[in-house]
$ cat run_13.cif   # mmCIF, C-alpha atoms (C1' of nucleotides)
data_final
loop_
_atom_site.label_atom_id
_atom_site.label_comp_id
_atom_site.auth_asym_id
_atom_site.auth_seq_id
_atom_site.Cartn_x
_atom_site.Cartn_y
_atom_site.Cartn_z
CA MET A 1 183.96 169.94 158.06
CA THR A 2 186.98 169.82 160.32
CA THR A 3 189.67 172.27 159.57
CA PRO A 4 192.79 170.21 158.91
CA ARG A 5 195.75 171.23 160.94
CA PRO A 6 198.11 173.09 158.65
CA ALA A 7 201.21 171.15 157.73
CA PRO A 8 204.43 172.74 158.97
CA ALA A 9 204.96 175.60 156.59
CA THR A 10 208.69 175.11 156.44
CA THR A 11 211.49 172.86 157.53
CA LEU A 12 213.83 175.79 158.10
CA ALA A 13 213.85 177.34 161.56
CA PHE A 14 214.31 181.07 161.97
CA ASP A 15 217.49 180.87 164.05
CA ASP A 16 219.07 178.46 161.60
CA ALA A 17 218.43 180.98 158.86
CA MET A 18 220.12 183.74 160.85
CA GLU A 19 223.04 181.44 161.37
CA ARG A 20 223.31 180.77 157.67
CA VAL A 21 223.23 184.45 156.84
CA ARG A 22 226.13 184.99 159.20
CA GLU A 23 228.08 181.96 158.03
CA GLY A 24 227.69 183.06 154.43
CA GLY A 25 230.00 185.90 155.30
CA GLY A 26 227.17 188.31 155.91
CA ARG A 27 226.48 190.68 158.74
CA ILE A 28 223.26 190.76 160.69
CA THR A 29 222.04 194.26 160.06
CA ARG A 30 218.77 195.71 161.20
CA ALA A 31 217.35 195.62 157.67
CA ARG A 32 218.24 191.97 157.22
CA ARG A 33 216.80 190.93 160.56
CA VAL A 34 213.56 192.76 159.88
CA LEU A 35 213.21 191.35 156.37
CA LEU A 36 214.03 187.85 157.48
CA GLU A 37 211.46 188.05 160.28
CA ASP A 38 208.86 189.31 157.89
CA LEU A 39 209.53 186.61 155.33
CA TYR A 40 209.31 184.01 158.05
CA ASP A 41 206.08 185.40 159.46
CA VAL A 42 204.42 185.91 156.11
CA GLY A 43 204.97 182.27 155.28
CA GLY A 44 203.69 182.63 151.73
CA ARG A 45 205.09 184.44 148.73
CA ILE A 46 205.77 188.13 148.65
CA THR A 47 207.37 190.46 146.13
CA ALA A 48 210.36 192.68 146.77
CA GLU A 49 208.19 195.73 146.33
CA GLU A 50 205.63 194.53 148.86
CA LEU A 51 208.42 193.96 151.35
CA ALA A 52 209.72 197.46 150.78
CA GLU A 53 206.24 198.91 151.21
CA ARG A 54 205.83 197.16 154.53
CA HIS A 55 209.07 198.68 155.79
CA ASP A 56 209.37 202.15 154.45
CA ASP A 57 212.65 202.72 156.25
CA ILE A 58 214.20 200.03 154.04
CA ASP A 59 215.01 200.93 150.48
CA LEU A 60 213.87 198.74 147.62
CA ALA A 61 217.48 198.29 146.51
CA THR A 62 218.33 197.03 149.97
CA VAL A 63 215.45 194.61 149.80
CA TYR A 64 216.73 193.20 146.52
CA ARG A 65 220.27 192.96 147.82
CA SER A 66 219.14 191.30 151.01
CA LEU A 67 216.98 188.83 149.14
CA ALA A 68 219.90 187.99 146.86
CA HIS A 69 222.05 187.30 149.89
CA PHE A 70 219.33 185.21 151.51
CA GLU A 71 219.04 183.14 148.37
CA GLU A 72 222.78 182.62 148.19
CA VAL A 73 222.77 181.06 151.62
CA GLY A 74 219.61 179.15 150.88
CA VAL A 75 217.13 180.66 153.30
CA VAL A 76 214.74 182.07 150.73
CA GLU A 77 213.84 181.16 147.17
CA HIS A 78 212.06 183.01 144.42
CA VAL A 79 209.76 181.98 141.65
CA HIS A 80 208.60 183.73 138.49
CA LEU A 81 204.85 183.59 138.30
CA GLY A 82 204.60 184.37 134.63
CA HIS A 83 204.49 188.13 134.12
CA GLY A 84 205.10 190.66 136.83
CA PRO A 85 207.63 190.66 139.63
CA ALA A 86 209.29 187.61 141.17
CA ALA A 87 207.77 186.22 144.35
CA TYR A 88 209.96 185.29 147.31
CA ARG A 89 209.31 182.98 150.20
CA TRP A 90 211.04 181.26 153.06
CA SER A 91 212.87 178.11 152.01
CA GLY A 92 211.71 174.62 152.74
CA ALA A 93 208.03 174.83 151.83
CA ARG A 94 206.90 171.65 150.17
CA THR A 95 204.50 173.18 147.70
CA ILE A 96 204.85 174.52 144.21
CA ALA A 97 202.88 177.27 142.54
CA ALA A 98 200.43 176.67 139.72
CA VAL A 99 199.59 179.96 138.03
CA CYS A 100 196.51 180.44 135.93
CA ASP A 101 197.53 181.69 132.49
CA HIS A 102 194.34 183.63 132.23
CA CYS A 103 193.55 185.25 135.59
CA GLY A 104 196.87 184.87 137.36
CA ALA A 105 195.43 183.00 140.34
CA VAL A 106 198.04 180.96 142.17
CA THR A 107 197.19 177.54 143.54
CA ASP A 108 199.73 175.81 145.71
CA ILE A 109 200.01 172.12 145.19
CA PRO A 110 201.97 169.63 147.27
CA ALA A 111 205.45 169.14 145.89
CA ASP A 112 205.16 165.39 146.03
CA GLU A 113 202.69 165.51 143.15
CA LEU A 114 205.85 166.00 141.11
CA ASP A 115 207.89 163.17 142.53
CA ALA A 116 207.09 160.81 139.70
CA LEU A 117 207.95 163.40 137.07
CA ALA A 118 211.15 164.29 138.90
CA ALA A 119 212.24 160.66 139.01
CA ARG A 120 211.54 160.21 135.34
CA LEU A 121 213.38 163.36 134.27
CA ASP A 122 216.39 162.34 136.28
CA ASP A 123 216.28 158.84 134.87
CA ARG A 124 215.82 159.65 131.23
CA TYR A 125 217.50 163.01 130.82
CA GLY A 126 219.76 163.45 133.82
CA LEU A 127 217.76 166.52 134.77
CA ARG A 128 217.15 167.25 138.43
CA LEU A 129 213.83 168.98 138.85
CA SER A 130 214.27 172.09 140.93
CA LEU A 131 211.19 172.67 143.02
CA GLY A 132 212.00 176.06 144.42
CA HIS A 133 212.33 178.16 141.33
CA PHE A 134 209.54 176.70 139.36
CA ALA A 135 205.91 177.47 138.66
CA LEU A 136 203.41 175.47 136.68
CA SER A 137 201.24 177.20 134.14
CA VAL A 138 197.61 176.10 134.23
CA HIS A 139 194.05 177.12 133.55
CA CYS A 140 192.19 177.32 136.81
CA PRO A 141 188.69 175.86 137.15
CA ALA A 142 187.06 179.28 136.82
CA CYS A 143 188.92 180.04 133.58
CA SER A 144 188.58 176.60 131.96
CA MET B 145 202.09 183.38 95.79
CA THR B 146 202.88 180.95 98.54
CA THR B 147 206.48 180.08 99.13
CA PRO B 148 206.76 176.34 99.69
CA ARG B 149 208.52 175.82 102.99
CA PRO B 150 209.92 172.66 104.47
CA ALA B 151 207.68 171.63 107.33
CA PRO B 152 209.20 171.84 110.82
CA ALA B 153 208.02 169.67 113.71
CA THR B 154 204.67 171.28 114.30
CA THR B 155 201.07 170.49 113.76
CA LEU B 156 200.31 173.98 112.50
CA ALA B 157 200.84 174.59 108.81
CA PHE B 158 202.14 177.90 107.58
CA ASP B 159 199.17 178.74 105.41
CA ASP B 160 196.75 177.92 108.19
CA ALA B 161 198.57 180.38 110.40
CA MET B 162 198.25 183.12 107.79
CA GLU B 163 194.58 182.35 107.56
CA ARG B 164 194.18 182.64 111.32
CA VAL B 165 195.96 185.97 111.38
CA ARG B 166 193.54 187.28 108.81
CA GLU B 167 190.47 185.77 110.46
CA GLY B 168 191.48 187.29 113.77
CA GLY B 169 190.69 190.63 112.21
CA GLY B 170 194.28 191.28 111.29
CA ARG B 171 195.86 192.43 108.08
CA ILE B 172 198.66 190.63 106.36
CA THR B 173 201.34 193.27 106.35
CA ARG B 174 204.86 192.83 105.11
CA ALA B 175 206.22 192.83 108.65
CA ARG B 176 203.79 190.17 109.78
CA ARG B 177 204.47 187.93 106.82
CA VAL B 178 208.22 188.19 107.29
CA LEU B 179 208.03 187.55 111.03
CA LEU B 180 205.67 184.65 110.60
CA GLU B 181 207.93 183.07 107.97
CA ASP B 182 210.91 183.52 110.22
CA LEU B 183 209.20 182.00 113.22
CA TYR B 184 208.10 179.08 111.11
CA ASP B 185 211.53 178.51 109.65
CA VAL B 186 213.39 178.91 112.91
CA GLY B 187 211.28 176.19 114.43
CA GLY B 188 212.75 176.65 117.89
CA ARG B 189 212.43 179.47 120.36
CA ILE B 190 213.51 183.01 119.64
CA THR B 191 213.24 186.27 121.53
CA ALA B 192 211.56 189.41 120.28
CA GLU B 193 214.90 191.16 120.24
CA GLU B 194 216.53 188.44 118.15
CA LEU B 195 213.70 188.68 115.67
CA ALA B 196 214.14 192.44 115.43
CA GLU B 197 217.88 192.02 114.92
CA ARG B 198 217.31 189.64 112.05
CA HIS B 199 215.06 192.16 110.31
CA ASP B 200 216.42 195.58 110.91
CA ASP B 201 213.70 197.18 108.85
CA ILE B 202 211.18 195.99 111.45
CA ASP B 203 211.02 197.88 114.71
CA LEU B 204 211.16 196.07 118.02
CA ALA B 205 207.79 197.55 118.97
CA THR B 206 206.31 196.11 115.81
CA VAL B 207 207.80 192.75 116.64
CA TYR B 208 206.15 192.78 120.07
CA ARG B 209 202.84 193.91 118.64
CA SER B 210 202.95 191.29 115.92
CA LEU B 211 203.84 188.56 118.39
CA ALA B 212 200.96 189.62 120.61
CA HIS B 213 198.59 189.38 117.68
CA PHE B 214 200.01 185.99 116.67
CA GLU B 215 199.45 184.73 120.17
CA GLU B 216 195.88 186.00 120.24
CA VAL B 217 195.05 183.93 117.20
CA GLY B 218 197.04 180.99 118.50
CA VAL B 219 199.82 180.67 115.97
CA VAL B 220 202.70 181.36 118.33
CA GLU B 221 203.23 180.91 122.04
CA HIS B 222 205.76 182.29 124.45
CA VAL B 223 207.47 180.93 127.50
CA HIS B 224 209.41 182.58 130.30
CA LEU B 225 212.69 180.81 130.73
CA GLY B 226 213.41 182.13 134.19
CA HIS B 227 215.30 185.40 133.91
CA GLY B 228 215.77 187.33 130.72
CA PRO B 229 213.39 187.89 127.85
CA ALA B 230 210.45 185.70 126.87
CA ALA B 231 211.03 183.15 124.12
CA TYR B 232 208.55 182.71 121.28
CA ARG B 233 207.95 179.82 118.98
CA TRP B 234 205.53 178.51 116.44
CA SER B 235 202.52 176.82 118.00
CA GLY B 236 201.94 173.12 118.04
CA ALA B 237 205.33 171.82 119.09
CA ARG B 238 204.95 168.91 121.44
CA THR B 239 207.91 169.67 123.67
CA ILE B 240 208.35 171.73 126.77
CA ALA B 241 211.43 173.57 127.95
CA ALA B 242 213.48 172.53 130.95
CA VAL B 243 215.79 175.38 131.96
CA CYS B 244 218.87 174.86 134.06
CA ASP B 245 218.69 177.12 137.11
CA HIS B 246 222.40 177.43 137.12
CA CYS B 247 223.68 177.77 133.55
CA GLY B 248 220.45 178.57 131.73
CA ALA B 249 220.77 175.67 129.28
CA VAL B 250 217.43 174.69 127.79
CA THR B 251 216.59 171.04 127.20
CA ASP B 252 213.44 170.22 125.31
CA ILE B 253 211.55 167.24 126.58
CA PRO B 254 208.57 165.53 124.96
CA ALA B 255 205.32 166.99 126.24
CA ASP B 256 203.89 163.56 126.89
CA GLU B 257 206.26 163.15 129.80
CA LEU B 258 203.78 165.43 131.54
CA ASP B 259 200.62 163.59 130.63
CA ALA B 260 200.42 161.76 133.93
CA LEU B 261 200.95 164.95 135.92
CA ALA B 262 198.40 166.79 133.79
CA ALA B 263 195.79 164.10 134.37
CA ARG B 264 196.42 164.16 138.09
CA LEU B 265 196.23 167.94 138.39
CA ASP B 266 192.98 167.98 136.48
CA ASP B 267 191.59 165.20 138.59
CA ARG B 268 192.54 166.42 142.00
CA TYR B 269 192.58 170.21 141.62
CA GLY B 270 190.61 170.96 138.49
CA LEU B 271 193.71 172.55 137.02
CA ARG B 272 194.40 172.17 133.32
CA LEU B 273 198.12 172.08 132.73
CA SER B 274 199.03 174.54 130.03
CA LEU B 275 201.93 173.22 128.03
CA GLY B 276 202.70 176.22 125.92
CA HIS B 277 203.48 178.84 128.47
CA PHE B 278 205.40 176.75 130.84
CA ALA B 279 209.03 175.92 131.54
CA LEU B 280 210.44 173.46 134.01
CA SER B 281 213.28 174.53 136.23
CA VAL B 282 216.03 171.93 136.56
CA HIS B 283 219.69 171.38 137.20
CA CYS B 284 221.29 170.04 134.05
CA PRO B 285 223.74 167.12 134.19
CA ALA B 286 226.75 169.43 133.89
CA CYS B 287 225.60 171.60 136.80
CA SER B 288 224.45 168.80 139.09
"C1'" DT C 289 239.32 200.47 162.89
"C1'" DT C 290 238.07 197.96 158.86
"C1'" DC C 291 235.16 195.92 155.86
"C1'" DT C 292 230.19 195.43 154.79
"C1'" DT C 293 225.90 197.29 154.06
"C1'" DT C 294 222.80 201.08 153.33
"C1'" DG C 295 220.11 204.91 150.99
"C1'" DC C 296 219.69 207.47 147.14
"C1'" DA C 297 219.93 208.27 142.39
"C1'" DA C 298 220.88 206.69 138.08
"C1'" DA C 299 221.29 202.96 134.77
"C1'" DA C 300 220.03 198.64 132.72
"C1'" DT C 301 216.65 195.47 130.94
"C1'" DG C 302 212.43 193.95 128.87
"C1'" DT C 303 208.04 195.48 127.31
"C1'" DT C 304 204.22 198.73 126.28
"C1'" DT C 305 202.13 202.95 124.60
"C1'" DG C 306 200.99 207.57 122.03
"C1'" DC C 307 201.03 209.56 117.95
"C1'" DA C 308 201.47 211.00 113.09
"C1'" DG C 309 202.22 209.04 108.81
"C1'" DA C 310 202.17 204.75 105.83
"C1'" DT C 311 199.71 200.72 104.23
"C1'" DA C 312 196.26 196.90 103.47
"C1'" DC C 313 191.93 196.03 101.96
"C1'" DG D 314 188.70 205.84 101.41
"C1'" DT D 315 189.22 204.32 105.87
"C1'" DA D 316 190.52 201.52 109.49
"C1'" DT D 317 194.66 199.17 110.80
"C1'" DC D 318 199.49 198.93 111.20
"C1'" DT D 319 204.11 200.95 111.43
"C1'" DG D 320 208.30 203.48 113.11
"C1'" DC D 321 209.92 206.37 116.36
"C1'" DA D 322 210.35 208.16 120.82
"C1'" DA D 323 208.97 208.16 125.20
"C1'" DA D 324 207.00 205.79 129.17
"C1'" DC D 325 206.83 201.90 132.05
"C1'" DA D 326 207.97 198.03 135.25
"C1'" DT D 327 211.35 195.35 137.38
"C1'" DT D 328 215.90 194.79 138.83
"C1'" DT D 329 220.78 196.20 139.20
"C1'" DT D 330 224.64 199.27 140.09
"C1'" DG D 331 227.86 203.35 141.67
"C1'" DC D 332 228.99 205.92 145.32
"C1'" DA D 333 229.48 208.33 149.68
"C1'" DA D 334 227.90 207.88 154.31
"C1'" DA D 335 226.39 204.78 158.15
"C1'" DG D 336 226.87 200.64 160.72
"C1'" DA D 337 228.54 195.85 162.25
"C1'" DA D 338 232.31 193.22 163.95
#
$ encode --input "run_13.cif" --output "structure tokens"
Amino acid sequence: MTTPRPAPATTLAFDDAMERVREGGGRITRARRVLLEDLYDVGGRITAEELAERHDDIDLATVYRSLAHFEEVGVVEHVHLGHGPAAYRWSGARTIAAVCDHCGAVTDIPADELDALAARLDDRYGLRLSLGHFALSVHCPACS
Amino acid sequence: MTTPRPAPATTLAFDDAMERVREGGGRITRARRVLLEDLYDVGGRITAEELAERHDDIDLATVYRSLAHFEEVGVVEHVHLGHGPAAYRWSGARTIAAVCDHCGAVTDIPADELDALAARLDDRYGLRLSLGHFALSVHCPACS
DNA sequence: TTCTTTGCAAAATGTTTGCAGATAC
DNA sequence: GTATCTGCAAACATTTTGCAAAGAA
């Protein structure tokens, strides 16, 4: 089989993110630059603790504070995957997490699978589905 | 004796739940009976801490352990509403929670709004959508 | 210089566990 | 009688906060 070319992982460029961090009233410190680079490079989801482990000159509290600032200016988002710590990733990915209730496996599914639901919720209840902060709970094939 | 209780919107009868608790290898203790009655009567979602507050002769640890046992035998289910504590409710309700990212307001929507999505996820990814343990993240009308 | 951010330690929050005594069966 | 359940206290996991020193603008 041919390996499909990966879709662009994000619509948010690295330099734009830096710009937003600055515009949000924040300073570009070494810790923030390093964390932002790492989040960008990782592409997928990562916990605050994992980030701190990868940069043992950056305190976990600093990681949390940086992530909070990044979220405020919209360059990262976090999701709660059931139990355990929150998972952070670079903004703009067009997938949402489906977490297996049983084994915890995370499957990413294209966000547009939810377009119909989103339209309906908006229509009938005035609710705007928020794709970033949201995980689906499922049973994966292996656990079904 | 069995206290007759008005039936809330669930497909699981109170006596059946008691039976399941017993069949699951569990004993019917005073704490369990009281908690089960309260969960049944409340109908909606409630946190472990709220349950403990309503019954100050029952320790919070006992509440958690009882809830865990109730979940094992399928008479209650819990959902993570974003931040904060998990919320428990009697099994069998056919609604799912939509939590406002911004203000935390919870709107219950009929579970069948998700039937189409569930069918599609099963079809395309082999994932079985799990309605119990699952909250949608939204912006409510007031916060939009 | 001035205001923000950092590291460290401590607190806050939500949940789980160990243990000795109480209770259901 | 005996295995399970309970209360209490302590541990645990994740996240937040206070504060003095370091760093960005």
$ closest_atom_pairs --input "run_13.cif" --of "chain D" --to "chain B" --cutoff "10 Å" --atoms "all atoms listed in the file" --output "Markdown table"
| residue | atom | partner | partner_atom | distance |
| --- | --- | --- | --- | --- |
| D:DT317 | C1' | B:Arg171 | CA | 7.4 |
| D:DC318 | C1' | B:Thr173 | CA | 7.7 |
| D:DT319 | C1' | B:Thr206 | CA | 6.9 |
| D:DG320 | C1' | B:Asp203 | CA | 6.4 |
| D:DC321 | C1' | B:Asp203 | CA | 8.7 |
$ residues_near_point --input "run_13.cif" --point "(199.2, 175.1, 135.7)" --cutoff "8 Å" --atoms "all atoms listed in the file" --output "PDB file with C-alpha atoms, keeping the file's coordinate frame"
ATOM      1  CA  ALA A  98     200.430 176.670 139.720  1.00  0.00           C
ATOM      2  CA  VAL A  99     199.590 179.960 138.030  1.00  0.00           C
ATOM      3  CA  CYS A 100     196.510 180.440 135.930  1.00  0.00           C
ATOM      4  CA  ASP A 101     197.530 181.690 132.490  1.00  0.00           C
ATOM      5  CA  ALA A 135     205.910 177.470 138.660  1.00  0.00           C
ATOM      6  CA  LEU A 136     203.410 175.470 136.680  1.00  0.00           C
ATOM      7  CA  SER A 137     201.240 177.200 134.140  1.00  0.00           C
ATOM      8  CA  VAL A 138     197.610 176.100 134.230  1.00  0.00           C
ATOM      9  CA  HIS A 139     194.050 177.120 133.550  1.00  0.00           C
ATOM     10  CA  CYS A 140     192.190 177.320 136.810  1.00  0.00           C
TER      11      CYS A 140
ATOM     12  CA  LEU B 271     193.710 172.550 137.020  1.00  0.00           C
ATOM     13  CA  ARG B 272     194.400 172.170 133.320  1.00  0.00           C
ATOM     14  CA  LEU B 273     198.120 172.080 132.730  1.00  0.00           C
ATOM     15  CA  SER B 274     199.030 174.540 130.030  1.00  0.00           C
TER      16      SER B 274
END
$ closest_atom_pairs --input "run_13.cif" --of "chain C" --to "chain A" --cutoff "8 Å" --atoms "only C-alpha atoms (C1' of nucleotides)" --output "JSON lines"
{"residue": "C:DT292", "atom": "C1'", "partner": "A:Arg27", "partner_atom": "CA", "distance": 7.2}
{"residue": "C:DT293", "atom": "C1'", "partner": "A:Thr29", "partner_atom": "CA", "distance": 7.8}
{"residue": "C:DT294", "atom": "C1'", "partner": "A:Thr62", "partner_atom": "CA", "distance": 6.9}
{"residue": "C:DG295", "atom": "C1'", "partner": "A:Asp59", "partner_atom": "CA", "distance": 6.5}
$ atom_distance --input "run_13.cif" --atom1 "atom CA of A:Asp108" --atom2 "atom CA of B:Glu221"
24.5 Å
$ residues_around --input "run_13.cif" --residues "A:Ala87" --least-positions-apart "4" --cutoff "6 Å" --atoms "only C-alpha atoms (C1' of nucleotides)" --output "list in words"
Arg45, Ile46, Thr47, His78 and Val79 of chain A
$ build_atoms --input "run_13.cif" --residues "stretch 87-107 of chain A" --atoms "N, CA, C and O atoms" --output "compact mmCIF listing (two decimals), keeping the file's coordinate frame"
# COMPACT_ATOMS: atom_id res chain seq x y z
N ALA A 87 208.34 186.38 143.01
CA ALA A 87 207.77 186.22 144.35
C ALA A 87 208.74 185.40 145.20
O ALA A 87 209.24 184.37 144.76
N TYR A 88 208.98 185.92 146.41
CA TYR A 88 209.96 185.29 147.31
C TYR A 88 209.24 184.62 148.46
O TYR A 88 208.20 185.07 148.91
N ARG A 89 209.83 183.56 148.96
CA ARG A 89 209.31 182.98 150.20
C ARG A 89 210.43 182.28 150.94
O ARG A 89 211.48 181.95 150.38
N TRP A 90 210.16 182.02 152.18
CA TRP A 90 211.04 181.26 153.06
C TRP A 90 211.31 179.89 152.45
O TRP A 90 210.42 179.27 151.87
N SER A 91 212.53 179.42 152.58
CA SER A 91 212.87 178.11 152.01
C SER A 91 212.23 176.97 152.76
O SER A 91 211.92 177.08 153.94
N GLY A 92 212.08 175.86 152.08
CA GLY A 92 211.71 174.62 152.74
C GLY A 92 210.25 174.28 152.64
O GLY A 92 209.83 173.22 153.09
N ALA A 93 209.45 175.17 152.02
CA ALA A 93 208.03 174.83 151.83
C ALA A 93 207.95 173.69 150.82
O ALA A 93 208.72 173.63 149.87
N ARG A 94 207.01 172.82 151.05
CA ARG A 94 206.90 171.65 150.17
C ARG A 94 205.70 171.79 149.23
O ARG A 94 204.94 170.85 149.03
N THR A 95 205.55 172.99 148.69
CA THR A 95 204.50 173.18 147.70
C THR A 95 205.09 173.91 146.49
O THR A 95 206.11 174.59 146.60
N ILE A 96 204.44 173.75 145.38
CA ILE A 96 204.85 174.52 144.21
C ILE A 96 203.64 175.28 143.68
O ILE A 96 202.50 174.88 143.87
N ALA A 97 203.93 176.38 143.02
CA ALA A 97 202.88 177.27 142.54
C ALA A 97 202.37 176.82 141.18
O ALA A 97 203.15 176.46 140.30
N ALA A 98 201.06 176.85 141.03
CA ALA A 98 200.43 176.67 139.72
C ALA A 98 199.70 177.97 139.41
O ALA A 98 198.79 178.35 140.14
N VAL A 99 200.13 178.64 138.37
CA VAL A 99 199.59 179.96 138.03
C VAL A 99 198.62 179.85 136.87
O VAL A 99 198.95 179.26 135.85
N CYS A 100 197.47 180.45 137.04
CA CYS A 100 196.51 180.44 135.93
C CYS A 100 196.97 181.42 134.86
O CYS A 100 197.16 182.61 135.11
N ASP A 101 197.13 180.89 133.66
CA ASP A 101 197.53 181.69 132.49
C ASP A 101 196.60 182.87 132.26
O ASP A 101 197.02 183.89 131.73
N HIS A 102 195.36 182.67 132.62
CA HIS A 102 194.34 183.63 132.23
C HIS A 102 194.12 184.70 133.29
O HIS A 102 194.21 185.88 133.01
N CYS A 103 193.89 184.27 134.54
CA CYS A 103 193.55 185.25 135.59
C CYS A 103 194.69 185.46 136.58
O CYS A 103 194.61 186.34 137.44
N GLY A 104 195.73 184.67 136.48
CA GLY A 104 196.87 184.87 137.36
C GLY A 104 196.75 184.25 138.74
O GLY A 104 197.68 184.33 139.55
N ALA A 105 195.62 183.63 139.02
CA ALA A 105 195.43 183.00 140.34
C ALA A 105 196.50 181.95 140.59
O ALA A 105 196.87 181.19 139.70
N VAL A 106 197.00 181.93 141.81
CA VAL A 106 198.04 180.96 142.17
C VAL A 106 197.46 179.90 143.09
O VAL A 106 196.87 180.22 144.12
N THR A 107 197.59 178.66 142.70
CA THR A 107 197.19 177.54 143.54
C THR A 107 198.45 176.80 143.98
O THR A 107 199.28 176.48 143.15
